[in-house]
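A quick write-up on the structure given underneath.
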Amino acid sequence: MKNISLVYGLILSILVVFAFTLGFNVTEVGAIDTNATDAISVAVWINEKCIVDISPALLNWTTPIDPGSESVEGYKSIQIENMGSVNLTHVWFNNSYPSSKPFGTGLSTAYDSGNFMVISNNTDGQTYFFPNRVDYNETTPVIYLKGPGGNVPPIVPYGRFRNSSREYFWAVTLTGSNYTDGTFYISNTAHTQTTTGADLQNDASNVVLNTVTDGPEAGDWGYGAINVAGSMAICVAMYHDASKAMFYQYNMDAPGAESCSNAKYFINATTEPAIVPGASGYARIAPYIPYGVVYNETNPEILGTITVLVNTI
């Protein structure tokens, strides 16, 4: 038994010495001493590439909105990110719109939510503008509306510029063979749920339209600069048969935009900083729902698109 105890004691002593030695002789990991250095130059060439990314991919106002009102959710922000290698010098927008008049159809699918959207700069107190709001002429009489010549209802083509709770009546008179160079009238007082706003003879401003002479719209559209109610400086484009009018500011591809004094780029590097590579621009977007939009219990969602366009000129 004594010999066994001595063996156990010897083993324990060896283990203690080994543990003690291990604990105090851990090799430190690190770079060895540097005796000399040299460097090599590296270079890459970056391609000239325009890449833009718009976020988010979907904007959804899920709280139901009353006709003739704006969303209680307010605006939503969009980010225009320059992911390429060149400056984005100009930014503008367009929106989808219905191919025919949706009002009076009773079909929610006839509407296009892109045609409801307004856009502003990303600072408080800015005015919201439609990229290109399209409204079709009236196909049924508005019996209380006085036309430019005093007729009630008008005997010339007329319609409404629908702007949320405010509707401004418009009319166009014929000059020549179509309406592209006619005289465009728009009421100064809005039609609302409580106000008729209905006088295109005594309570309206007017502008003589200019026919678009180049591009894909040549001969099909006339355009002019208008100031709705004295506070909304925008452009109007009238289709040659007066079946539809387009109201725009931030769509520089709209008919006559390059010549209309009220059309503008959302971002224009000639007057403000461009979006440099790796940087972003921002905008606010909100829905302005006009009167007369159909509620569909089965499918209450109305879809549409806003497109952001950029160039590097």
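In the structure tokens, chains take letters A, B, ... by order of appearance, with residues numbered from 1 within each chain and ligands from 1 in the order shown.
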Could you produce a table of the residues of range 153-239 of chain A lying within 12 Å of range 70-75 of chain A, with the nearest pair of atoms per residue and their separation in Å rounded to one decimal, using only C-alpha atoms, ordered by chain and increasing residue number, as CSV?
residue,atom,partner,partner_atom,distance
A:Asn163,CA,A:Glu70,CA,9.9
A:Ser164,CA,A:Glu70,CA,6.7
A:Ser165,CA,A:Glu70,CA,8.2
A:Arg166,CA,A:Glu70,CA,11.3
Keeping only N, CA, C and O atoms, write those residues as a short mmCIF file (atom, residue, chain, number, x, y, z; two decimals), in the first residue's frame.
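again.cif, freshly written:
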data_model
loop_
_atom_site.label_atom_id
_atom_site.label_comp_id
_atom_site.auth_asym_id
_atom_site.auth_seq_id
_atom_site.Cartn_x
_atom_site.Cartn_y
_atom_site.Cartn_z
N ASN A 163 -58.37 66.89 -58.21
CA ASN A 163 -57.27 67.09 -57.29
C ASN A 163 -57.77 66.89 -55.87
O ASN A 163 -58.06 67.84 -55.16
N SER A 164 -57.93 65.62 -55.49
CA SER A 164 -58.43 65.27 -54.17
C SER A 164 -59.82 65.87 -53.96
O SER A 164 -60.73 65.61 -54.75
N SER A 165 -60.00 66.72 -52.94
CA SER A 165 -61.32 67.27 -52.64
C SER A 165 -61.68 68.45 -53.54
O SER A 165 -62.78 69.00 -53.41
N ARG A 166 -60.80 68.82 -54.45
CA ARG A 166 -61.05 69.96 -55.33
C ARG A 166 -61.07 69.49 -56.78
O ARG A 166 -60.16 68.78 -57.22
#
Within 12 Å of range 45-58 of chain A, which residues of range 202-296 of chain A show up? Give each one with its shortest atom-to-atom distance in Å (one decimal) and the two atoms involved, counting only C-alpha atoms, rows by chain then rising residue number, as JSON lines.
{"residue": "A:Ile275", "atom": "CA", "partner": "A:Val52", "partner_atom": "CA", "distance": 10.2}
{"residue": "A:Val276", "atom": "CA", "partner": "A:Cys50", "partner_atom": "CA", "distance": 10.7}
{"residue": "A:Pro277", "atom": "CA", "partner": "A:Ile51", "partner_atom": "CA", "distance": 9.1}
{"residue": "A:Gly278", "atom": "CA", "partner": "A:Val52", "partner_atom": "CA", "distance": 10.1}
{"residue": "A:Ala279", "atom": "CA", "partner": "A:Val52", "partner_atom": "CA", "distance": 10.4}
{"residue": "A:Ser280", "atom": "CA", "partner": "A:Asp53", "partner_atom": "CA", "distance": 9.3}
{"residue": "A:Gly281", "atom": "CA", "partner": "A:Ile54", "partner_atom": "CA", "distance": 9.8}
{"residue": "A:Tyr282", "atom": "CA", "partner": "A:Ile54", "partner_atom": "CA", "distance": 9.7}
{"residue": "A:Ala283", "atom": "CA", "partner": "A:Ile54", "partner_atom": "CA", "distance": 10.7}
{"residue": "A:Arg284", "atom": "CA", "partner": "A:Ser55", "partner_atom": "CA", "distance": 11.9}
{"residue": "A:Ile285", "atom": "CA", "partner": "A:Pro56", "partner_atom": "CA", "distance": 11.8}
Those residues with N, CA and C atoms, as a PDB file, in the first residue's frame please?
ATOM      1  N   ILE A 275     -26.893  63.988 -57.933  1.00  0.00           N
ATOM      2  CA  ILE A 275     -26.738  62.832 -57.049  1.00  0.00           C
ATOM      3  C   ILE A 275     -25.456  62.113 -57.479  1.00  0.00           C
ATOM      4  N   VAL A 276     -24.415  62.247 -56.685  1.00  0.00           N
ATOM      5  CA  VAL A 276     -23.118  61.660 -57.040  1.00  0.00           C
ATOM      6  C   VAL A 276     -23.138  60.169 -56.725  1.00  0.00           C
ATOM      7  N   PRO A 277     -22.210  59.392 -57.311  1.00  0.00           N
ATOM      8  CA  PRO A 277     -22.161  57.957 -57.024  1.00  0.00           C
ATOM      9  C   PRO A 277     -22.078  57.665 -55.528  1.00  0.00           C
ATOM     10  N   GLY A 278     -22.917  56.747 -55.090  1.00  0.00           N
ATOM     11  CA  GLY A 278     -22.959  56.384 -53.679  1.00  0.00           C
ATOM     12  C   GLY A 278     -23.882  57.244 -52.844  1.00  0.00           C
ATOM     13  N   ALA A 279     -24.428  58.303 -53.430  1.00  0.00           N
ATOM     14  CA  ALA A 279     -25.345  59.183 -52.699  1.00  0.00           C
ATOM     15  C   ALA A 279     -26.784  58.911 -53.146  1.00  0.00           C
ATOM     16  N   SER A 280     -27.731  59.593 -52.494  1.00  0.00           N
ATOM     17  CA  SER A 280     -29.146  59.380 -52.779  1.00  0.00           C
ATOM     18  C   SER A 280     -29.890  60.706 -52.823  1.00  0.00           C
ATOM     19  N   GLY A 281     -30.966  60.715 -53.571  1.00  0.00           N
ATOM     20  CA  GLY A 281     -31.950  61.785 -53.526  1.00  0.00           C
ATOM     21  C   GLY A 281     -33.232  61.242 -52.905  1.00  0.00           C
ATOM     22  N   TYR A 282     -34.090  62.139 -52.431  1.00  0.00           N
ATOM     23  CA  TYR A 282     -35.285  61.701 -51.715  1.00  0.00           C
ATOM     24  C   TYR A 282     -36.494  62.498 -52.179  1.00  0.00           C
ATOM     25  N   ALA A 283     -37.644  61.857 -52.127  1.00  0.00           N
ATOM     26  CA  ALA A 283     -38.903  62.513 -52.478  1.00  0.00           C
ATOM     27  C   ALA A 283     -39.995  62.017 -51.548  1.00  0.00           C
ATOM     28  N   ARG A 284     -41.064  62.781 -51.479  1.00  0.00           N
ATOM     29  CA  ARG A 284     -42.245  62.372 -50.727  1.00  0.00           C
ATOM     30  C   ARG A 284     -43.381  62.129 -51.712  1.00  0.00           C
ATOM     31  N   ILE A 285     -44.173  61.111 -51.441  1.00  0.00           N
ATOM     32  CA  ILE A 285     -45.266  60.753 -52.326  1.00  0.00           C
ATOM     33  C   ILE A 285     -46.516  60.481 -51.499  1.00  0.00           C
TER      34      ILE A 285
END
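Minimum atom-to-atom distance to Asn137 in chain A, evaluated using only C-alpha atoms, belongs to A:Ser243 out of A:Asn87, A:Ser243, A:Ser187, A:Gln193.
Nearest residue to Glu297 in chain A among A:Leu107, A:Ala171, A:Ile32, A:Ile143 is A:Leu107, counting only C-alpha atoms.
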Give me the residues of range 37-149 of chain A that have any atom at most 8 Å from an atom of range 199-214 of chain A; for each, the nearest atom pair and the distance in Å, rounded to one decimal. Use only C-alpha atoms, sort by chain and number, and format it as CSV.
residue,atom,partner,partner_atom,distance
A:Leu145,CA,A:Asp199,CA,6.0
A:Lys146,CA,A:Asp199,CA,4.9
A:Gly147,CA,A:Leu200,CA,5.0
A:Pro148,CA,A:Gln201,CA,4.2
A:Gly149,CA,A:Gln201,CA,6.3
Next on the checklist: List the spatial neighbours of Thr270 in chain A as an MDAnalysis selection string - criterion: any atom at most 12 Å away, only C-alpha atoms, same-chain residues fewer than 2 positions off excluded.
Outcome noted: chainID A and resid 88:91 264:268 272:274 312:313
